[in-house]
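Q: So here's query_28.cif, just mmCIF, C-alpha atoms:
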```cif
data_final
loop_
_atom_site.label_atom_id
_atom_site.label_comp_id
_atom_site.auth_asym_id
_atom_site.auth_seq_id
_atom_site.Cartn_x
_atom_site.Cartn_y
_atom_site.Cartn_z
CA MET A 1 6.16 9.19 7.61
CA LEU A 2 5.52 12.91 7.16
CA LEU A 3 9.24 13.51 6.77
CA ALA A 4 9.58 10.66 4.27
CA GLU A 5 6.77 12.07 2.15
CA GLY A 6 8.14 15.62 2.38
CA VAL A 7 5.09 16.86 4.29
CA ALA A 8 6.78 17.80 7.56
CA GLY A 9 9.82 19.43 5.94
CA ARG A 10 10.40 23.11 6.49
CA GLU A 11 11.57 23.86 2.94
CA LYS A 12 9.53 26.51 1.23
CA GLY A 13 7.71 25.02 -1.73
CA GLY A 14 9.35 21.65 -1.25
CA ALA A 15 6.40 19.61 -2.39
CA SER A 16 5.58 22.00 -5.22
CA ALA A 17 9.14 21.72 -6.44
CA ALA A 18 8.84 17.96 -6.40
CA VAL A 19 5.72 18.23 -8.54
CA VAL A 20 7.50 20.41 -11.09
CA ALA A 21 10.50 18.09 -11.16
CA ALA A 22 8.29 15.06 -11.65
CA ALA A 23 6.38 16.74 -14.45
CA ALA A 24 9.57 17.86 -16.17
CA GLY A 25 11.35 14.53 -15.92
CA GLY A 26 8.38 12.25 -16.44
CA THR A 27 7.28 10.58 -19.63
CA PRO A 28 3.73 10.98 -20.98
CA ASP A 29 2.54 7.58 -19.78
CA ASP A 30 -0.02 6.67 -17.14
CA GLY A 31 2.68 6.03 -14.52
CA SER A 32 4.24 9.49 -14.73
CA LEU A 33 0.87 11.23 -14.87
CA GLU A 34 -0.23 9.27 -11.81
CA HIS A 35 3.02 10.22 -10.05
CA VAL A 36 2.43 13.92 -10.76
CA ASP A 37 -1.17 13.68 -9.61
CA TYR A 38 -0.05 12.01 -6.38
CA LYS A 39 2.55 14.72 -5.76
CA GLU A 40 0.02 17.46 -6.39
CA LYS A 41 -2.42 16.03 -3.86
CA LEU A 42 0.45 15.48 -1.43
CA SER A 43 1.41 19.13 -1.90
CA GLN A 44 -2.13 20.17 -0.96
CA ILE A 45 -1.94 18.10 2.22
CA ARG A 46 1.44 19.66 3.02
CA GLU A 47 0.11 23.20 2.57
CA ILE A 48 -2.88 22.51 4.82
CA TYR A 49 -0.65 20.89 7.44
CA HIS A 50 1.79 23.80 7.59
CA ALA A 51 -1.01 26.38 7.59
CA GLU A 52 -2.68 24.66 10.56
CA LEU A 53 0.67 24.19 12.28
CA GLU A 54 1.48 27.88 11.88
CA LYS A 55 -1.95 28.82 13.30
CA CYS A 56 -1.34 26.54 16.27
CA GLU A 57 2.09 28.02 16.98
CA GLN A 58 0.75 31.56 16.66
CA ALA A 59 -2.16 30.82 18.99
CA CYS A 60 0.23 29.26 21.49
CA ASN A 61 2.49 32.33 21.48
CA GLU A 62 -0.43 34.76 21.76
CA PHE A 63 -2.09 32.81 24.57
CA THR A 64 1.21 32.46 26.43
CA SER A 65 1.83 36.23 26.20
CA HIS A 66 -1.72 36.90 27.35
CA VAL A 67 -1.37 34.66 30.44
CA ILE A 68 2.02 36.16 31.33
CA ASN A 69 0.56 39.67 31.14
CA LEU A 70 -2.34 38.65 33.35
CA LEU A 71 0.00 37.18 35.92
CA ARG A 72 2.11 40.31 35.91
CA GLU A 73 -1.00 42.41 36.49
CA GLN A 74 -2.00 40.14 39.37
CA SER A 75 1.45 40.52 40.89
CA CYS A 76 0.35 44.01 41.94
CA THR A 77 -2.22 42.50 44.30
CA ARG A 78 -0.52 39.25 45.29
CA PRO A 79 3.00 37.88 45.11
CA ILE A 80 3.67 35.77 41.99
CA SER A 81 6.98 33.98 41.69
CA SER A 82 8.86 33.30 38.47
CA LYS A 83 8.39 29.57 39.06
CA GLU A 84 4.63 30.02 38.99
CA ILE A 85 4.88 31.82 35.68
CA GLU A 86 7.14 29.10 34.28
CA ARG A 87 4.71 26.44 35.47
CA MET A 88 1.77 28.13 33.71
CA VAL A 89 3.79 28.55 30.52
CA SER A 90 4.78 24.87 30.67
CA ILE A 91 1.12 23.83 31.01
CA ILE A 92 0.13 25.98 28.05
CA HIS A 93 2.89 24.60 25.85
CA ARG A 94 2.00 21.03 26.84
CA LYS A 95 -1.62 21.61 25.79
CA PHE A 96 -0.63 23.03 22.43
CA ARG A 97 1.88 20.20 21.83
CA ALA A 98 -1.04 17.79 22.26
CA ILE A 99 -2.94 19.73 19.61
CA GLN A 100 0.08 19.55 17.28
CA THR A 101 0.29 15.79 17.86
CA GLN A 102 -3.36 15.41 16.87
CA LEU A 103 -2.68 17.50 13.77
CA LYS A 104 0.24 15.26 12.82
CA GLN A 105 -1.87 12.13 13.35
CA SER A 106 -4.71 13.42 11.18
CA THR A 107 -2.21 14.45 8.49
CA CYS A 108 -0.61 10.99 8.61
CA GLU A 109 -4.04 9.44 8.12
CA ALA A 110 -4.66 11.68 5.12
CA VAL A 111 -1.32 10.66 3.57
CA MET A 112 -1.99 6.97 4.23
CA ILE A 113 -5.43 7.23 2.60
CA LEU A 114 -3.87 8.98 -0.40
CA ARG A 115 -1.15 6.35 -0.73
CA SER A 116 -3.65 3.54 -0.37
CA ARG A 117 -5.88 5.01 -3.05
CA PHE A 118 -3.06 5.30 -5.57
CA LEU A 119 -1.54 1.92 -4.72
CA ASP A 120 -4.93 0.22 -5.00
CA ALA A 121 -5.48 1.83 -8.39
CA ARG A 122 -2.08 0.62 -9.61
CA TRP A 123 -2.69 -2.86 -8.20
CA LYS A 124 -6.07 -3.16 -9.95
CA ARG A 125 -4.51 -2.27 -13.29
CA ARG A 126 -1.80 -4.90 -12.81
CA ASN A 127 -4.18 -7.67 -11.89
CA PHE A 128 -4.84 -10.33 -14.52
CA SER A 129 -8.32 -10.90 -15.86
CA LYS A 130 -10.58 -13.35 -14.06
CA GLN A 131 -10.33 -15.79 -16.96
CA ALA A 132 -6.52 -15.63 -16.99
CA THR A 133 -6.36 -16.19 -13.23
CA GLU A 134 -8.70 -19.16 -13.57
CA ILE A 135 -6.52 -20.72 -16.27
CA LEU A 136 -3.32 -20.21 -14.26
CA ASN A 137 -4.84 -21.56 -11.05
CA GLU A 138 -6.19 -24.62 -12.85
CA CYS A 139 -2.77 -25.34 -14.32
CA PHE A 140 -1.04 -24.79 -10.96
CA TYR A 141 -3.35 -27.03 -8.93
CA SER A 142 -3.49 -29.69 -11.69
CA HIS A 143 0.28 -30.07 -11.32
CA LEU A 144 0.56 -29.32 -7.61
CA ALA A 145 3.20 -32.03 -7.05
CA ASN A 146 5.48 -30.31 -9.56
CA PRO A 147 4.24 -26.76 -10.29
CA TYR A 148 7.17 -25.73 -12.48
CA PRO A 149 6.04 -25.07 -16.06
CA ASN A 150 8.59 -25.51 -18.82
CA GLU A 151 9.03 -22.96 -21.61
CA GLU A 152 6.50 -24.69 -23.86
CA VAL A 153 3.83 -24.54 -21.16
CA LYS A 154 4.64 -20.92 -20.36
CA GLU A 155 4.28 -19.92 -24.01
CA GLU A 156 0.96 -21.73 -24.32
CA LEU A 157 -0.37 -20.18 -21.12
CA ALA A 158 0.83 -16.74 -22.22
CA LYS A 159 -1.19 -17.06 -25.43
CA LYS A 160 -4.30 -18.28 -23.59
CA CYS A 161 -4.09 -15.53 -20.96
CA SER A 162 -2.95 -12.76 -23.36
CA ILE A 163 0.05 -11.90 -21.17
CA THR A 164 3.81 -12.28 -21.48
CA VAL A 165 5.92 -15.34 -20.70
CA ALA A 166 7.75 -13.30 -18.05
CA GLN A 167 4.44 -12.56 -16.33
CA ILE A 168 3.62 -16.28 -16.39
CA ALA A 169 6.96 -17.08 -14.75
CA ASN A 170 6.47 -14.38 -12.11
CA TRP A 171 2.94 -15.55 -11.37
CA PHE A 172 4.03 -19.18 -10.82
CA GLY A 173 7.00 -18.07 -8.68
CA ASN A 174 4.78 -15.91 -6.46
CA LYS A 175 2.09 -18.58 -6.35
CA ARG A 176 4.55 -21.23 -5.16
CA ILE A 177 5.80 -18.94 -2.39
CA ARG A 178 2.28 -18.05 -1.25
CA TYR A 179 1.24 -21.70 -1.36
CA LYS A 180 4.15 -22.81 0.81
CA LYS A 181 3.41 -20.09 3.36
CA ASN A 182 -0.34 -20.84 3.50
CA ILE A 183 -0.64 -24.52 2.64
CA ALA A 184 -3.74 -25.04 4.78
CA LYS A 185 -5.57 -22.13 3.17
CA PHE A 186 -4.64 -23.01 -0.40
CA GLN A 187 -5.36 -26.70 0.11
CA GLU A 188 -9.07 -25.87 -0.06
CA ASP A 189 -8.53 -24.25 -3.46
CA ALA A 190 -6.51 -27.28 -4.55
CA ASN A 191 -9.38 -29.58 -3.60
CA LEU A 192 -11.86 -27.49 -5.56
CA TYR A 193 -9.70 -27.52 -8.68
CA ALA A 194 -9.08 -31.25 -8.25
CA MET A 195 -12.83 -31.88 -8.19
CA LYS A 196 -13.29 -29.66 -11.24
CA THR A 197 -10.52 -31.51 -13.10
CA ALA A 198 -11.96 -34.90 -12.13
CA THR A 199 -15.38 -33.87 -13.42
CA SER A 200 -13.87 -32.59 -16.66
CA VAL A 201 -11.84 -35.77 -17.15
CA SER A 202 -14.88 -37.93 -16.44
CA SER A 203 -16.92 -36.00 -18.97
CA LEU A 204 -14.24 -36.32 -21.65
CA SER A 205 -13.84 -40.02 -20.92
CA SER A 206 -17.53 -40.73 -21.34
CA GLN A 207 -17.61 -38.85 -24.64
CA ALA A 208 -14.47 -40.33 -26.15
CA ASN A 209 -14.75 -43.77 -24.47
CA SER A 210 -11.03 -43.68 -23.81
CA PRO A 211 -8.98 -43.23 -20.59
CA ALA A 212 -7.91 -39.69 -19.84
CA THR A 213 -4.35 -38.79 -19.02
CA PRO A 214 -3.41 -36.78 -15.88
CA ASN A 215 -2.43 -33.83 -18.09
CA SER A 216 -5.71 -33.63 -20.01
CA GLY A 217 -7.45 -30.29 -20.32
CA GLY A 218 -5.09 -28.65 -22.81
CA TYR A 219 -2.00 -28.29 -20.59
CA PRO A 220 1.28 -29.96 -21.62
CA ALA A 221 3.45 -31.81 -19.13
CA ILE A 222 5.42 -29.71 -16.65
CA CYS A 223 9.14 -30.08 -16.35
CA THR A 224 11.28 -30.67 -13.30
CA PRO A 225 12.39 -27.40 -11.63
CA PRO A 226 16.00 -26.32 -11.92
CA ASP A 227 18.13 -26.62 -8.81
CA GLY A 228 17.72 -23.78 -6.36
CA ARG A 229 14.32 -22.56 -7.63
CA LEU A 230 11.30 -22.20 -5.40
#
```
Will you turn the file into structure tokens for me?

A:
Amino acid sequence: MLLAEGVAGREKGGASAAVVAAAAGGTPDDGSLEHVDYKEKLSQIREIYHAELEKCEQACNEFTSHVINLLREQSCTRPISSKEIERMVSIIHRKFRAIQTQLKQSTCEAVMILRSRFLDARWKRRNFSKQATEILNECFYSHLANPYPNEEVKEELAKKCSITVAQIANWFGNKRIRYKKNIAKFQEDANLYAMKTATSVSSLSSQANSPATPNSGGYPAICTPPDGRL
């Protein structure tokens, strides 16, 4: 993960260069500004990681030299073999590798938190309003046996939800996939919307004294899906 994000690379100024490139090639919209901001914060994480890694390597080298010198001094009073020195050096390096592993893990966590924060922010901006989601869910569950809106329905829903027809099509496609994967979970939602629709139809029937049609509630009929569509 650190390599993929350019944090663990050894290139001097790699992340900073990425920031400059992003700023130079980006357009002045929210997406490019967000991308630059993400790269800048990632660059800060990279600098901290390499600074701590350099300190760890320096401390390891200094401590290793110190222990070797001590052992050489002790060799004047007692015999010390080269294998004993190698064993001590191996223990020291193993300890410092464990510290480097912890450093990598903490840096990974920092990158994951950063990614999550930016992805969550982007996801929130892409979410539809509560009213639009309610309208789309009501239409979907009202036509659960055939949840494939035709172009007329899509255009009407797009106007009601203040979004594009393409977004309507994407929403229904994703909703059908999620419903098929989690039928048991979404069945509860379907029951709730069915009760709401039944109550609405009953209310309209009592006011108009006329039978309500299955597609009442302002939604036109839904067409049969083309072959091969989900």

Q: For A:Arg72, which of A:Cys108, A:Ile85, A:Cys60, A:Ile99 is the closest residue, counting all atoms listed in the file?

A: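 Of A:Cys108, A:Ile85, A:Cys60, A:Ile99, the one nearest A:Arg72, counting all atoms listed in the file, is A:Ile85.
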
Q: Starting from the shown file, work through the PyMOL selection byres ((chain A and resi 140) around 10) and note down what comes out as a ChimeraX atom specification.

A: /A:134-139,141-149,172,175-176,190,193,222

Q: Hey, what's within 9 Å of stretch 88-91 of chain A if we count all atoms listed in the file and toss same-chain stuff fewer than 4 positions away? As an MDAnalysis selection string, please?

A: chainID A and resid 64 67:68 83:84 95:96

Q: Please, what distance in Å, to one decimal, runs between atom CA of A:Leu192 and atom CA of A:Trp171?

A: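 Atom-to-atom, atom CA of A:Leu192 to atom CA of A:Trp171, that is 19.9 Å.
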
Q: Find the axis-aligned box for stretch 144-158 of chain A, covering all its listed atoms and adding 5 Å on each side, and write its centre and edge lengths in Å to one decimal as lines of an AutoDock Vina configuration file.

A:
```
center_x = 4.3
center_y = -24.4
center_z = -15.7
size_x = 19.4
size_y = 25.3
size_z = 27.3
```

Q: I'd like to know which of A:Cys161, A:Asn174, A:Met112, A:Gln102 is closest to A:Lys130, using all atoms listed in the file.

A: A:Cys161

Q: Run through the PyMOL selection byres ((chain A and resi 162) around 12) on the given coordinates and return the selected residues as a list in words.

A: Phe128, Ser129, Gln131, Ala132, Thr133, Ile135, Leu136, Lys154, Glu155, Glu156, Leu157, Ala158, Lys159, Lys160, Cys161, Ile163, Thr164, Val165, Ala166, Gln167 and Ile168 of chain A

Q: Could you write those residues out with C-alpha atoms, as a PDB file, in the coordinates of the input?

A:
```pdb
ATOM      1  CA  PHE A 128      -4.840 -10.330 -14.520  1.00  0.00           C
ATOM      2  CA  SER A 129      -8.320 -10.900 -15.860  1.00  0.00           C
ATOM      3  CA  GLN A 131     -10.330 -15.790 -16.960  1.00  0.00           C
ATOM      4  CA  ALA A 132      -6.520 -15.630 -16.990  1.00  0.00           C
ATOM      5  CA  THR A 133      -6.360 -16.190 -13.230  1.00  0.00           C
ATOM      6  CA  ILE A 135      -6.520 -20.720 -16.270  1.00  0.00           C
ATOM      7  CA  LEU A 136      -3.320 -20.210 -14.260  1.00  0.00           C
ATOM      8  CA  LYS A 154       4.640 -20.920 -20.360  1.00  0.00           C
ATOM      9  CA  GLU A 155       4.280 -19.920 -24.010  1.00  0.00           C
ATOM     10  CA  GLU A 156       0.960 -21.730 -24.320  1.00  0.00           C
ATOM     11  CA  LEU A 157      -0.370 -20.180 -21.120  1.00  0.00           C
ATOM     12  CA  ALA A 158       0.830 -16.740 -22.220  1.00  0.00           C
ATOM     13  CA  LYS A 159      -1.190 -17.060 -25.430  1.00  0.00           C
ATOM     14  CA  LYS A 160      -4.300 -18.280 -23.590  1.00  0.00           C
ATOM     15  CA  CYS A 161      -4.090 -15.530 -20.960  1.00  0.00           C
ATOM     16  CA  ILE A 163       0.050 -11.900 -21.170  1.00  0.00           C
ATOM     17  CA  THR A 164       3.810 -12.280 -21.480  1.00  0.00           C
ATOM     18  CA  VAL A 165       5.920 -15.340 -20.700  1.00  0.00           C
ATOM     19  CA  ALA A 166       7.750 -13.300 -18.050  1.00  0.00           C
ATOM     20  CA  GLN A 167       4.440 -12.560 -16.330  1.00  0.00           C
ATOM     21  CA  ILE A 168       3.620 -16.280 -16.390  1.00  0.00           C
TER      22      ILE A 168
END
```

Q: Between A:Lys55, A:Arg94, A:Arg87, A:Gln105, which has the minimum distance to A:Leu71 (counting all atoms listed in the file)?

A: A:Arg87

Q: Mind pulling up the distance from atom CA of A:Lys104 to atom CA of A:Gln58?

A: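 These atoms are spaced 16.8 Å apart.
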
Q: What's the separation between atom CA of A:Ile92 and atom CA of A:Ser65, in Å to one decimal place?

A: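 It comes out at 10.6 Å.
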
Q: Hey, which of A:Asn191, A:Asn182, A:Thr77, A:Asn61 ends up closest to A:His93? Count only C-alpha atoms.

A: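 Smallest distance to A:His93 is found for A:Asn61.
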
Q: Nearest to A:Lys41 among A:Ile80, A:Ala169, A:Leu70, A:Leu114, with distances taken over all atoms listed in the file: which residue is it?

A: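 Under the stated criterion, the closest residue is A:Leu114.
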